[in-house]
$ cat protein.cif   # mmCIF, C-alpha atoms and all ligand atoms
data_upload
loop_
_atom_site.label_atom_id
_atom_site.label_comp_id
_atom_site.auth_asym_id
_atom_site.auth_seq_id
_atom_site.Cartn_x
_atom_site.Cartn_y
_atom_site.Cartn_z
CA MET A 1 -18.21 -72.98 4.57
CA SER A 2 -20.18 -69.84 5.41
CA ARG A 3 -18.45 -66.47 5.58
CA SER A 4 -19.04 -66.49 9.39
CA GLN A 5 -17.32 -69.88 9.70
CA GLU A 6 -14.45 -68.65 7.57
CA LEU A 7 -14.05 -65.53 9.71
CA PHE A 8 -14.26 -67.54 12.92
CA ALA A 9 -11.47 -69.82 11.71
CA ARG A 10 -9.31 -66.78 10.93
CA ALA A 11 -10.28 -65.16 14.24
CA GLN A 12 -9.16 -68.19 16.23
CA ALA A 13 -5.66 -67.79 14.80
CA VAL A 14 -5.34 -64.24 16.10
CA LEU A 15 -7.77 -63.87 19.04
CA PRO A 16 -8.03 -66.27 22.01
CA GLY A 17 -11.09 -68.39 21.24
CA GLY A 18 -11.75 -66.17 18.25
CA VAL A 19 -13.47 -63.48 20.31
CA ASN A 20 -12.84 -60.50 22.54
CA SER A 21 -15.34 -61.54 25.23
CA PRO A 22 -15.79 -65.23 26.10
CA VAL A 23 -19.55 -65.89 25.85
CA ARG A 24 -19.58 -64.60 22.27
CA ALA A 25 -17.78 -67.78 21.19
CA PHE A 26 -21.01 -69.84 21.59
CA ARG A 27 -19.17 -72.56 23.55
CA ALA A 28 -22.16 -73.16 25.84
CA VAL A 29 -24.65 -73.65 23.01
CA GLY A 30 -22.47 -75.22 20.32
CA GLY A 31 -21.99 -74.16 16.73
CA THR A 32 -20.00 -71.15 15.61
CA PRO A 33 -20.93 -67.54 16.25
CA PHE A 34 -22.26 -65.45 13.41
CA PHE A 35 -20.24 -62.38 12.46
CA VAL A 36 -22.28 -59.21 12.22
CA ALA A 37 -22.20 -57.06 9.12
CA ARG A 38 -24.68 -54.42 10.28
CA ALA A 39 -27.55 -53.79 12.64
CA GLU A 40 -30.64 -51.61 12.66
CA GLY A 41 -33.57 -51.39 15.05
CA ALA A 42 -34.31 -54.79 16.60
CA ARG A 43 -32.32 -56.71 13.99
CA LEU A 44 -28.80 -57.87 13.29
CA THR A 45 -27.66 -58.98 9.84
CA ASP A 46 -24.70 -61.33 9.56
CA VAL A 47 -21.96 -61.46 6.94
CA ASP A 48 -23.88 -64.22 5.12
CA GLY A 49 -26.94 -62.01 4.77
CA LYS A 50 -29.09 -63.74 7.40
CA THR A 51 -31.13 -61.49 9.70
CA TYR A 52 -31.91 -62.10 13.39
CA LEU A 53 -34.32 -60.51 15.84
CA ASP A 54 -31.93 -59.51 18.61
CA TYR A 55 -32.65 -60.09 22.31
CA VAL A 56 -29.03 -59.54 23.35
CA CYS A 57 -28.99 -55.84 22.41
CA SER A 58 -25.21 -55.65 22.85
CA TRP A 59 -25.71 -57.28 26.29
CA GLY A 60 -27.96 -54.49 27.52
CA PRO A 61 -26.81 -51.06 26.36
CA LEU A 62 -29.10 -50.75 23.34
CA ILE A 63 -32.43 -49.98 24.99
CA LEU A 64 -33.40 -48.03 21.85
CA GLY A 65 -32.27 -50.79 19.51
CA HIS A 66 -29.45 -50.61 16.97
CA ALA A 67 -28.43 -47.48 15.08
CA HIS A 68 -31.27 -45.38 16.53
CA PRO A 69 -31.44 -42.25 14.31
CA ALA A 70 -31.25 -39.76 17.21
CA VAL A 71 -28.22 -41.48 18.74
CA LEU A 72 -26.56 -41.85 15.36
CA GLY A 73 -27.08 -38.14 14.75
CA ALA A 74 -25.60 -37.25 18.14
CA ILE A 75 -22.57 -39.47 17.55
CA GLN A 76 -21.96 -37.96 14.13
CA ALA A 77 -22.37 -34.41 15.40
CA ALA A 78 -20.05 -35.02 18.35
CA ALA A 79 -17.41 -36.71 16.19
CA ALA A 80 -17.44 -33.81 13.76
CA ASN A 81 -16.22 -31.61 16.63
CA GLY A 82 -13.30 -33.94 17.36
CA TRP A 83 -13.59 -37.15 19.35
CA SER A 84 -11.23 -36.88 22.28
CA TYR A 85 -9.96 -33.77 24.01
CA GLY A 86 -8.07 -34.74 27.16
CA ALA A 87 -9.81 -31.70 28.65
CA PRO A 88 -13.31 -31.24 30.05
CA CYS A 89 -16.31 -30.67 27.78
CA GLU A 90 -19.92 -29.64 28.38
CA LEU A 91 -21.38 -33.04 27.46
CA GLU A 92 -19.83 -34.55 30.62
CA VAL A 93 -21.63 -32.00 32.77
CA GLN A 94 -24.92 -32.53 30.96
CA LEU A 95 -24.78 -36.30 31.34
CA ALA A 96 -23.81 -36.04 35.01
CA GLU A 97 -26.74 -33.68 35.66
CA LEU A 98 -29.11 -36.02 33.87
CA VAL A 99 -27.90 -39.03 35.89
CA ARG A 100 -28.26 -37.17 39.17
CA GLY A 101 -31.75 -36.06 38.18
CA ARG A 102 -32.78 -39.65 37.53
CA MET A 103 -30.97 -41.18 40.51
CA PRO A 104 -31.03 -38.83 43.47
CA SER A 105 -28.65 -41.05 45.49
CA VAL A 106 -25.95 -40.27 42.92
CA GLU A 107 -25.01 -36.85 44.24
CA LEU A 108 -21.66 -36.83 42.46
CA VAL A 109 -20.60 -39.06 39.59
CA ARG A 110 -17.30 -39.99 37.88
CA PHE A 111 -17.33 -41.34 34.33
CA VAL A 112 -15.07 -44.22 33.34
CA ASN A 113 -14.90 -46.50 30.29
CA SER A 114 -16.55 -49.75 31.36
CA GLY A 115 -18.64 -51.36 34.05
CA THR A 116 -15.55 -53.18 35.32
CA GLU A 117 -13.74 -49.90 35.90
CA ALA A 118 -16.76 -48.53 37.72
CA THR A 119 -17.05 -51.43 40.18
CA MET A 120 -13.28 -51.54 40.78
CA ALA A 121 -13.24 -47.88 41.67
CA ALA A 122 -16.37 -48.07 43.82
CA VAL A 123 -14.85 -50.83 45.94
CA ARG A 124 -11.57 -48.96 46.28
CA LEU A 125 -13.52 -45.94 47.45
CA ALA A 126 -15.57 -48.01 49.91
CA ARG A 127 -12.41 -49.50 51.37
CA ALA A 128 -10.80 -46.09 51.70
CA ALA A 129 -13.88 -44.57 53.32
CA THR A 130 -14.43 -47.36 55.85
CA LYS A 131 -10.75 -48.26 56.38
CA ARG A 132 -11.80 -51.90 56.04
CA ASP A 133 -10.93 -54.49 53.39
CA LEU A 134 -13.59 -57.19 53.29
CA LEU A 135 -16.16 -57.24 50.49
CA LEU A 136 -19.39 -59.24 50.46
CA LYS A 137 -20.82 -60.32 47.11
CA PHE A 138 -23.49 -62.82 46.14
CA GLU A 139 -22.94 -66.13 44.37
CA GLY A 140 -23.58 -65.81 40.64
CA CYS A 141 -23.48 -62.01 40.64
CA TYR A 142 -21.08 -60.52 38.11
CA HIS A 143 -19.37 -57.22 38.74
CA GLY A 144 -16.86 -57.18 35.91
CA HIS A 145 -13.55 -59.00 35.64
CA ALA A 146 -11.41 -57.32 38.31
CA ASP A 147 -9.56 -59.75 40.59
CA GLY A 148 -11.71 -59.37 43.69
CA PHE A 149 -14.95 -60.02 41.80
CA LEU A 150 -13.96 -63.33 40.21
CA VAL A 151 -15.14 -65.29 43.19
CA LYS A 152 -18.30 -67.32 42.53
CA ALA A 153 -18.90 -64.95 39.62
CA GLY A 154 -21.69 -65.01 37.06
CA SER A 155 -21.68 -64.23 33.32
CA GLY A 156 -18.97 -66.00 31.29
CA VAL A 157 -17.47 -67.56 34.41
CA ALA A 158 -20.81 -69.26 35.10
CA THR A 159 -21.45 -70.00 31.42
CA LEU A 160 -18.14 -71.81 31.01
CA GLY A 161 -18.43 -73.47 34.41
CA LEU A 162 -15.03 -72.11 35.42
CA PRO A 163 -13.72 -72.23 38.94
CA ASP A 164 -12.58 -68.91 40.31
CA SER A 165 -10.00 -67.62 37.86
CA PRO A 166 -6.33 -68.57 37.99
CA GLY A 167 -4.22 -65.45 38.22
CA VAL A 168 -6.24 -64.03 41.09
CA PRO A 169 -3.91 -64.15 44.12
CA ALA A 170 -5.43 -66.11 46.99
CA PRO A 171 -4.97 -63.20 49.42
CA VAL A 172 -7.01 -61.01 47.04
CA ALA A 173 -9.78 -63.60 46.61
CA GLY A 174 -9.72 -64.00 50.40
CA LEU A 175 -10.97 -60.44 50.74
CA THR A 176 -14.24 -61.39 49.02
CA ALA A 177 -16.85 -63.27 51.03
CA THR A 178 -19.84 -64.76 49.23
CA VAL A 179 -23.29 -65.93 50.27
CA PRO A 180 -26.34 -67.01 48.23
CA PHE A 181 -28.60 -64.27 46.81
CA ASN A 182 -31.93 -63.85 48.61
CA ASP A 183 -30.53 -65.56 51.72
CA THR A 184 -30.94 -62.98 54.47
CA THR A 185 -30.03 -65.52 57.16
CA ALA A 186 -26.64 -66.13 55.53
CA VAL A 187 -26.04 -62.39 55.24
CA GLU A 188 -26.98 -61.81 58.89
CA ASP A 189 -24.68 -64.62 59.89
CA LEU A 190 -21.77 -63.16 57.94
CA PHE A 191 -22.32 -59.73 59.47
CA ARG A 192 -22.43 -61.31 62.93
CA ARG A 193 -19.10 -63.04 62.36
CA ARG A 194 -17.23 -60.48 60.27
CA GLY A 195 -19.20 -57.23 60.50
CA PRO A 196 -16.27 -55.15 61.78
CA GLU A 197 -14.17 -56.17 58.74
CA LEU A 198 -16.81 -55.43 56.10
CA ALA A 199 -16.16 -52.39 53.89
CA ALA A 200 -19.08 -52.99 51.58
CA VAL A 201 -21.81 -55.22 50.24
CA ILE A 202 -21.98 -55.16 46.46
CA VAL A 203 -25.06 -56.54 44.75
CA GLU A 204 -26.81 -56.69 41.40
CA PRO A 205 -30.24 -55.53 42.65
CA TYR A 206 -31.88 -57.83 40.08
CA MET A 207 -29.48 -60.60 39.13
CA GLY A 208 -28.86 -60.62 35.39
CA ASN A 209 -25.58 -62.45 34.94
CA ALA A 210 -26.73 -65.89 36.04
CA GLY A 211 -29.94 -65.66 34.09
CA PHE A 212 -32.59 -63.39 35.60
CA ILE A 213 -33.30 -63.66 39.34
CA ALA A 214 -35.53 -61.19 41.19
CA PRO A 215 -34.89 -60.18 44.78
CA GLU A 216 -37.45 -61.32 47.32
CA PRO A 217 -39.39 -58.70 49.30
CA ASN A 218 -37.22 -57.20 52.05
CA PHE A 219 -33.95 -58.71 50.77
CA HIS A 220 -32.48 -55.31 49.92
CA ALA A 221 -34.05 -53.62 52.95
CA THR A 222 -32.23 -56.18 55.09
CA LEU A 223 -28.94 -55.42 53.33
CA ARG A 224 -29.54 -51.71 53.84
CA SER A 225 -30.20 -52.01 57.56
CA LEU A 226 -27.33 -54.45 58.20
CA CYS A 227 -24.89 -52.13 56.40
CA ASP A 228 -26.13 -49.19 58.45
CA ARG A 229 -25.90 -51.09 61.71
CA HIS A 230 -22.36 -52.31 61.03
CA GLY A 231 -20.88 -49.26 59.30
CA ALA A 232 -20.49 -50.96 55.91
CA LEU A 233 -21.45 -49.36 52.60
CA LEU A 234 -24.11 -50.67 50.24
CA ILE A 235 -23.05 -50.65 46.59
CA PHE A 236 -25.79 -51.20 44.02
CA ASP A 237 -24.17 -52.50 40.85
CA GLU A 238 -26.63 -51.07 38.36
CA VAL A 239 -24.42 -51.53 35.32
CA MET A 240 -27.20 -53.68 33.86
CA THR A 241 -30.32 -52.51 35.73
CA GLY A 242 -29.53 -48.77 35.59
CA PHE A 243 -32.06 -47.05 33.27
CA ARG A 244 -33.18 -50.55 32.24
CA VAL A 245 -35.69 -51.69 34.87
CA ALA A 246 -37.04 -48.17 35.48
CA ALA A 247 -36.22 -44.54 34.67
CA GLY A 248 -34.36 -44.31 37.98
CA GLY A 249 -32.96 -47.84 37.90
CA ALA A 250 -33.49 -50.66 40.36
CA GLN A 251 -33.07 -48.30 43.30
CA GLU A 252 -36.21 -46.44 42.25
CA ARG A 253 -38.15 -49.67 41.73
CA LEU A 254 -37.02 -51.15 45.04
CA LYS A 255 -37.09 -47.86 46.97
CA ILE A 256 -33.60 -48.41 48.38
CA ARG A 257 -31.00 -45.68 48.68
CA ALA A 258 -27.55 -47.09 47.94
CA ASP A 259 -24.40 -45.39 49.24
CA LEU A 260 -22.63 -45.95 45.94
CA THR A 261 -24.00 -46.95 42.55
CA THR A 262 -22.13 -48.31 39.56
CA LEU A 263 -23.40 -47.74 36.04
CA GLY A 264 -22.48 -48.78 32.51
CA LYS A 265 -24.20 -50.23 29.46
CA ILE A 266 -27.24 -47.95 28.80
CA ILE A 267 -25.42 -44.90 30.17
CA GLY A 268 -23.17 -45.05 27.11
CA GLY A 269 -25.90 -45.94 24.63
CA GLY A 270 -23.63 -48.61 23.13
CA MET A 271 -20.37 -46.66 23.39
CA PRO A 272 -17.75 -47.71 26.00
CA VAL A 273 -18.85 -45.88 29.15
CA GLY A 274 -19.15 -46.68 32.84
CA ALA A 275 -19.74 -44.51 35.88
CA TYR A 276 -19.74 -44.66 39.63
CA GLY A 277 -21.34 -42.23 41.99
CA GLY A 278 -23.21 -41.77 45.22
CA ARG A 279 -23.06 -39.88 48.48
CA ALA A 280 -21.20 -36.61 48.07
CA ASP A 281 -19.18 -37.11 51.26
CA LEU A 282 -17.84 -40.37 49.81
CA MET A 283 -17.30 -39.14 46.27
CA ARG A 284 -15.32 -36.15 47.56
CA LEU A 285 -12.65 -38.65 48.60
CA ILE A 286 -11.90 -39.22 44.89
CA ALA A 287 -8.87 -37.44 43.37
CA PRO A 288 -8.40 -34.56 42.85
CA GLU A 289 -10.77 -33.61 45.70
CA GLY A 290 -9.51 -36.40 47.90
CA PRO A 291 -6.73 -38.98 48.10
CA VAL A 292 -8.42 -41.99 46.44
CA TYR A 293 -6.83 -42.30 43.02
CA GLN A 294 -8.70 -43.12 39.84
CA ALA A 295 -8.12 -41.71 36.35
CA GLY A 296 -8.78 -42.36 32.65
CA THR A 297 -7.18 -41.10 29.43
CA LEU A 298 -10.43 -41.42 27.48
CA SER A 299 -12.91 -40.95 30.35
CA GLY A 300 -15.73 -38.52 29.61
CA ASN A 301 -15.16 -39.04 25.89
CA PRO A 302 -17.41 -36.58 24.01
CA VAL A 303 -18.75 -39.09 21.47
CA ALA A 304 -19.60 -41.58 24.22
CA MET A 305 -21.15 -38.86 26.39
CA ALA A 306 -23.29 -37.69 23.45
CA ALA A 307 -24.53 -41.24 22.77
CA GLY A 308 -25.43 -41.75 26.42
CA LEU A 309 -27.09 -38.38 26.74
CA VAL A 310 -29.38 -38.84 23.76
CA THR A 311 -30.18 -42.43 24.75
CA LEU A 312 -31.26 -41.32 28.22
CA ARG A 313 -33.26 -38.40 26.83
CA GLU A 314 -35.16 -40.74 24.52
CA THR A 315 -36.06 -42.98 27.46
CA ALA A 316 -37.64 -39.97 29.18
CA ARG A 317 -40.52 -39.87 26.69
CA PRO A 318 -43.89 -40.41 28.37
CA GLY A 319 -44.81 -44.07 28.66
CA PHE A 320 -41.40 -45.29 27.46
CA TYR A 321 -40.76 -47.72 30.32
CA GLU A 322 -44.40 -48.77 30.61
CA THR A 323 -44.57 -49.80 26.94
CA LEU A 324 -41.29 -51.70 27.15
CA GLU A 325 -42.36 -53.54 30.28
CA ARG A 326 -45.73 -54.45 28.79
CA ARG A 327 -44.05 -55.94 25.70
CA THR A 328 -41.52 -57.79 27.82
CA ALA A 329 -44.23 -59.21 30.08
CA ARG A 330 -46.12 -60.42 27.01
CA LEU A 331 -42.98 -62.06 25.60
CA VAL A 332 -42.15 -63.83 28.83
CA ALA A 333 -45.75 -64.98 29.40
CA GLY A 334 -45.96 -66.20 25.80
CA ILE A 335 -42.79 -68.28 26.08
CA GLY A 336 -43.82 -69.60 29.51
CA ASP A 337 -47.28 -70.64 28.25
CA ALA A 338 -45.80 -72.35 25.21
CA ALA A 339 -43.35 -74.29 27.38
CA ARG A 340 -46.12 -75.35 29.76
CA ARG A 341 -48.27 -76.56 26.85
CA ARG A 342 -45.32 -78.69 25.80
CA GLY A 343 -44.88 -79.95 29.34
CA VAL A 344 -41.44 -78.38 29.83
CA PRO A 345 -40.92 -77.09 33.39
CA THR A 346 -39.95 -73.45 32.98
CA ALA A 347 -39.32 -70.59 35.41
CA THR A 348 -39.56 -67.12 33.90
CA GLY A 349 -39.14 -63.63 35.25
CA HIS A 350 -38.69 -60.02 34.23
CA ALA A 351 -38.23 -56.49 35.56
CA GLY A 352 -38.83 -53.72 33.09
CA SER A 353 -37.36 -54.92 29.80
CA MET A 354 -34.83 -57.28 31.38
CA TRP A 355 -35.99 -60.90 31.39
CA GLY A 356 -34.96 -64.49 31.77
CA LEU A 357 -36.01 -68.08 31.61
CA TYR A 358 -34.73 -71.31 33.12
CA PHE A 359 -35.70 -74.80 32.04
CA ALA A 360 -36.32 -75.71 35.67
CA PRO A 361 -39.43 -76.15 37.80
CA GLY A 362 -38.64 -73.02 39.84
CA PRO A 363 -38.97 -70.77 41.60
CA VAL A 364 -35.28 -69.96 41.04
CA ARG A 365 -34.16 -67.67 43.84
CA ASN A 366 -30.37 -68.10 43.75
CA PHE A 367 -27.46 -69.26 41.61
CA GLY A 368 -27.36 -72.72 43.16
CA GLN A 369 -30.90 -73.36 41.95
CA ALA A 370 -30.16 -71.74 38.57
CA LYS A 371 -27.38 -74.26 38.01
CA GLY A 372 -29.97 -77.03 38.27
CA ALA A 373 -31.65 -75.87 35.05
CA ASP A 374 -31.52 -78.02 31.92
CA THR A 375 -28.63 -76.38 30.03
CA ALA A 376 -28.52 -79.10 27.35
CA LEU A 377 -32.13 -78.35 26.43
CA PHE A 378 -31.29 -74.64 26.45
CA ALA A 379 -28.40 -75.22 24.02
CA ARG A 380 -30.63 -77.12 21.56
CA TRP A 381 -33.35 -74.50 21.92
CA HIS A 382 -30.85 -71.72 21.29
CA ARG A 383 -29.62 -73.34 18.07
CA ALA A 384 -33.18 -73.97 16.85
CA ALA A 385 -34.17 -70.38 17.68
CA LEU A 386 -31.15 -69.02 15.84
CA ALA A 387 -32.02 -71.05 12.75
CA ARG A 388 -35.50 -69.50 12.98
CA GLY A 389 -34.06 -65.97 13.13
CA VAL A 390 -34.21 -65.25 16.86
CA PHE A 391 -30.96 -64.40 18.63
CA LEU A 392 -30.96 -65.18 22.35
CA ALA A 393 -27.87 -64.79 24.53
CA PRO A 394 -25.74 -67.88 23.87
CA SER A 395 -25.87 -69.03 27.49
CA ALA A 396 -28.50 -70.29 29.91
CA PHE A 397 -26.96 -67.91 32.46
CA GLU A 398 -27.59 -64.51 30.88
CA ALA A 399 -30.59 -62.17 30.93
CA GLY A 400 -32.37 -61.11 27.76
CA PHE A 401 -33.38 -57.60 26.74
CA VAL A 402 -36.23 -56.02 24.83
CA SER A 403 -35.61 -52.65 23.16
CA SER A 404 -38.02 -49.94 22.13
CA ALA A 405 -37.36 -51.03 18.52
CA HIS A 406 -39.08 -54.38 19.21
CA THR A 407 -42.68 -54.05 18.03
CA ASP A 408 -45.71 -56.02 19.18
CA ALA A 409 -45.50 -57.89 15.88
CA ASP A 410 -41.86 -58.77 16.65
CA ILE A 411 -42.93 -60.15 20.02
CA ASP A 412 -45.66 -62.29 18.39
CA PHE A 413 -43.17 -63.58 15.83
CA THR A 414 -40.68 -64.38 18.60
CA ILE A 415 -43.19 -66.31 20.72
CA ALA A 416 -44.20 -68.41 17.70
CA GLN A 417 -40.58 -69.13 16.70
CA LEU A 418 -39.43 -69.92 20.22
CA ASP A 419 -42.41 -72.25 20.69
CA ALA A 420 -41.57 -74.11 17.48
CA ALA A 421 -37.87 -74.13 18.43
CA LEU A 422 -38.72 -75.72 21.75
CA GLY A 423 -40.61 -78.47 19.92
CA GLU A 424 -37.52 -79.08 17.77
CA ALA A 425 -35.18 -78.96 20.76
CA ARG A 426 -37.18 -81.62 22.57
CA ALA A 427 -37.51 -83.87 19.51
CA ARG A 428 -33.73 -84.24 19.32
C1 LIG B 501 -21.85 -55.95 32.36
C2 LIG B 501 -21.72 -55.83 33.82
C3 LIG B 501 -20.53 -55.42 34.43
C4 LIG B 501 -19.26 -55.23 33.67
O1 LIG B 501 -19.32 -54.20 32.72
P1 LIG B 501 -18.24 -54.18 31.53
O2 LIG B 501 -18.58 -52.92 30.81
O3 LIG B 501 -18.47 -55.43 30.76
O4 LIG B 501 -16.91 -54.14 32.16
C5 LIG B 501 -20.53 -55.22 35.79
N1 LIG B 501 -21.62 -55.41 36.52
C6 LIG B 501 -22.79 -55.81 35.98
C7 LIG B 501 -23.99 -55.99 36.86
C8 LIG B 501 -22.87 -56.06 34.62
O5 LIG B 501 -24.02 -56.49 34.09
#

$ encode --input "protein.cif" --output "structure tokens" --more "lines below"
Ligand SMILES: *Cc1c(COP(=O)(O)O)cnc(C)c1O
Amino acid sequence: MSRSQELFARAQAVLPGGVNSPVRAFRAVGGTPFFVARAEGARLTDVDGKTYLDYVCSWGPLILGHAHPAVLGAIQAAAANGWSYGAPCELEVQLAELVRGRMPSVELVRFVNSGTEATMAAVRLARAATKRDLLLKFEGCYHGHADGFLVKAGSGVATLGLPDSPGVPAPVAGLTATVPFNDTTAVEDLFRRRGPELAAVIVEPYMGNAGFIAPEPNFHATLRSLCDRHGALLIFDEVMTGFRVAAGGAQERLKIRADLTTLGKIIGGGMPVGAYGGRADLMRLIAPEGPVYQAGTLSGNPVAMAAGLVTLRETARPGFYETLERRTARLVAGIGDAARRRGVPTATGHAGSMWGLYFAPGPVRNFGQAKGADTALFARWHRAALARGVFLAPSAFEAGFVSSAHTDADIDFTIAQLDAALGEARAR
């Protein structure tokens, strides 16, 4: 028995499924998860001493790779000054200013501790501002695990093929309407029928929790104009895309101004941080300026703020996003070409350094089509890739990430290993 297997057995006795977040348990791909001993740059090393090139990057936050020296230094320096104050500190102001500079629609911002907290609060604010209750989300989009979002949700819910979660009261789920992503006709239809009830439309601008799905031209412009016409708010959930697909997030890439934006992942540089922000007139409704309540004992934590601040500053170096996107495009093209040579129908996509692949003929434009992909082939491919030292997200319904620590040589190595792994996956 390997040390990872031993630890997983112990973990299952004390943690549900042996993990603290479901997809980590590898249920969708088989086998047992490896336990990490340490990580540096683009690589993870497990407790048995095996090293993996990492395309999960902590599920998105680590755009600089693991243990980046500048971030490590900032964390150490911040911690040396004490790591939680319960009182304001300058780092919160600096990070807020940096976020607003990068995302002009975020006129005011509130820091929280996770993406889930950010989306929960943004929806509460939207409901308070519009005095309406209905929320529209898209099938396969994931906005964290709060009750109202676990309706046709992506991420682990999609990976495990779960129905909408037990424990969510039907009246709460009933306040969430869903339509397919990229389906402007369905959105128009919903607005026609229920426009006066709609508080907000929440959307992952590029879907990343059902695999990677890009928006079609005009999809977001249609959402923007329908929201404006019907007095609903547009919430861009940029927890994943924020500072990932461009310096100013998806809203910069798509040239759409959201009313509210939710952030997480990269904004904390790998520490537990989330944020929501947007139009000042809306954000001034948040306590203590307004009546909409939201609070956090550890919110604005100085160590987390320092990690986020340095991470974002590093991404501001000239050419940072261009280099990352070029490497990601090469990776995705390399895998796609290899699959085609082997006669495996494959649909690939990327935006910035966020990417995905389905074993399906494509194009994949919504979650319904994504579910038609060959998940059994994906599972075998994942296991073969892992054995060859490449760690992909253990689910056919998750995006992958390239960090600035991934070199061109790493990309070449990955293409070769994933090609060989696909050969092995098909032979079985
Ligand atoms: C990860 C993610 C969340 C949830 O963030 P947590 O920090 O896991 O709570 C919400 N929305 C999107 C788009 C995400 O990718």

$ residues_around --input "protein.cif" --residues "segment 78-89 of chain A" --least-positions-apart "6" --cutoff "12 Å" --atoms "all atoms listed in the file" --output "list in words"
Val71, Leu72, Leu95, Ala96, Phe111, Ala295, Gly296, Thr297, Leu298, Ser299, Gly300, Asn301, Pro302, Val303, Ala304, Met305, Ala306, Ala307, Gly308, Leu309 and Val310 of chain A

$ residues_near_ligand --input "protein.cif" --ligand "ligand LIG 501 (chain B)" --cutoff "7 Å" --atoms "only C-alpha atoms and all ligand atoms" --output "ChimeraX atom specification"
/A:114-117,119,142-145,204,208-209,237-240,264-265,274

$ closest_residue --input "protein.cif" --among "A:Ala28, A:Ala275, A:Tyr206, A:Val292" --to "Leu254 of chain A" --atoms "only C-alpha atoms"
A:Tyr206

$ atom_distance --input "protein.cif" --atom1 "atom CA of Thr315 of chain A" --atom2 "atom CA of Ser404 of chain A"
9.0 Å

$ closest_residue --input "protein.cif" --among "A:Ala393, A:Ala373, A:Val23, A:Leu234" --to "Leu125 of chain A" --atoms "only C-alpha atoms"
A:Leu234

$ closest_residue --input "protein.cif" --among "A:Leu285, A:Ala416, A:Ala376, A:Val19" --to "Asp337 of chain A" --atoms "all atoms listed in the file"
A:Ala416

$ closest_residue --input "protein.cif" --among "A:Gly195, A:Pro394, A:Gly368, A:Gly423" --to "Phe26 of chain A" --atoms "all atoms listed in the file"
A:Pro394

$ closest_residue --input "protein.cif" --among "A:Ala122, A:Val99, A:Val390, A:Leu331" --to "Gly249 of chain A" --atoms "only C-alpha atoms"
A:Val99

$ atom_distance --input "protein.cif" --atom1 "atom CA of Leu98 of chain A" --atom2 "atom CA of Ala258 of chain A"
18.0 Å

$ residues_around --input "protein.cif" --residues "Gly140 of chain A" --least-positions-apart "6" --cutoff "9 Å" --atoms "all atoms listed in the file" --output "tab-separated table (two decimals) with C-alpha atoms, keeping the file's coordinate frame"
chain	number	residue	atom	x	y	z
A	151	VAL	CA	-15.14	-65.29	43.19
A	152	LYS	CA	-18.30	-67.32	42.53
A	153	ALA	CA	-18.90	-64.95	39.62
A	154	GLY	CA	-21.69	-65.01	37.06
A	155	SER	CA	-21.68	-64.23	33.32
A	157	VAL	CA	-17.47	-67.56	34.41
A	158	ALA	CA	-20.81	-69.26	35.10
A	180	PRO	CA	-26.34	-67.01	48.23
A	181	PHE	CA	-28.60	-64.27	46.81
A	207	MET	CA	-29.48	-60.60	39.13
A	209	ASN	CA	-25.58	-62.45	34.94
A	210	ALA	CA	-26.73	-65.89	36.04
A	366	ASN	CA	-30.37	-68.10	43.75
A	367	PHE	CA	-27.46	-69.26	41.61
A	368	GLY	CA	-27.36	-72.72	43.16

$ closest_residue --input "protein.cif" --among "A:Gln294, A:Thr323, A:Thr328, A:Ser353" --to "Thr414 of chain A" --atoms "all atoms listed in the file"
A:Thr328

$ residues_around --input "protein.cif" --residues "Arg340 of chain A" --least-positions-apart "4" --cutoff "12 Å" --atoms "only C-alpha atoms" --output "mmCIF file with C-alpha atoms, keeping the file's coordinate frame"
data_model
loop_
_atom_site.group_PDB
_atom_site.id
_atom_site.type_symbol
_atom_site.label_atom_id
_atom_site.label_comp_id
_atom_site.auth_asym_id
_atom_site.auth_seq_id
_atom_site.Cartn_x
_atom_site.Cartn_y
_atom_site.Cartn_z
ATOM 1 C CA ALA A 333 -45.750 -64.980 29.400
ATOM 2 C CA GLY A 334 -45.960 -66.200 25.800
ATOM 3 C CA ILE A 335 -42.790 -68.280 26.080
ATOM 4 C CA GLY A 336 -43.820 -69.600 29.510
ATOM 5 C CA VAL A 344 -41.440 -78.380 29.830
ATOM 6 C CA PRO A 345 -40.920 -77.090 33.390
ATOM 7 C CA THR A 346 -39.950 -73.450 32.980
ATOM 8 C CA ALA A 347 -39.320 -70.590 35.410
ATOM 9 C CA THR A 348 -39.560 -67.120 33.900
ATOM 10 C CA PHE A 359 -35.700 -74.800 32.040
ATOM 11 C CA ALA A 360 -36.320 -75.710 35.670
ATOM 12 C CA PRO A 361 -39.430 -76.150 37.800
ATOM 13 C CA ASP A 419 -42.410 -72.250 20.690
ATOM 14 C CA LEU A 422 -38.720 -75.720 21.750
ATOM 15 C CA GLY A 423 -40.610 -78.470 19.920
#

$ atom_distance --input "protein.cif" --atom1 "atom CA of Pro217 of chain A" --atom2 "atom CA of Val364 of chain A"
14.6 Å
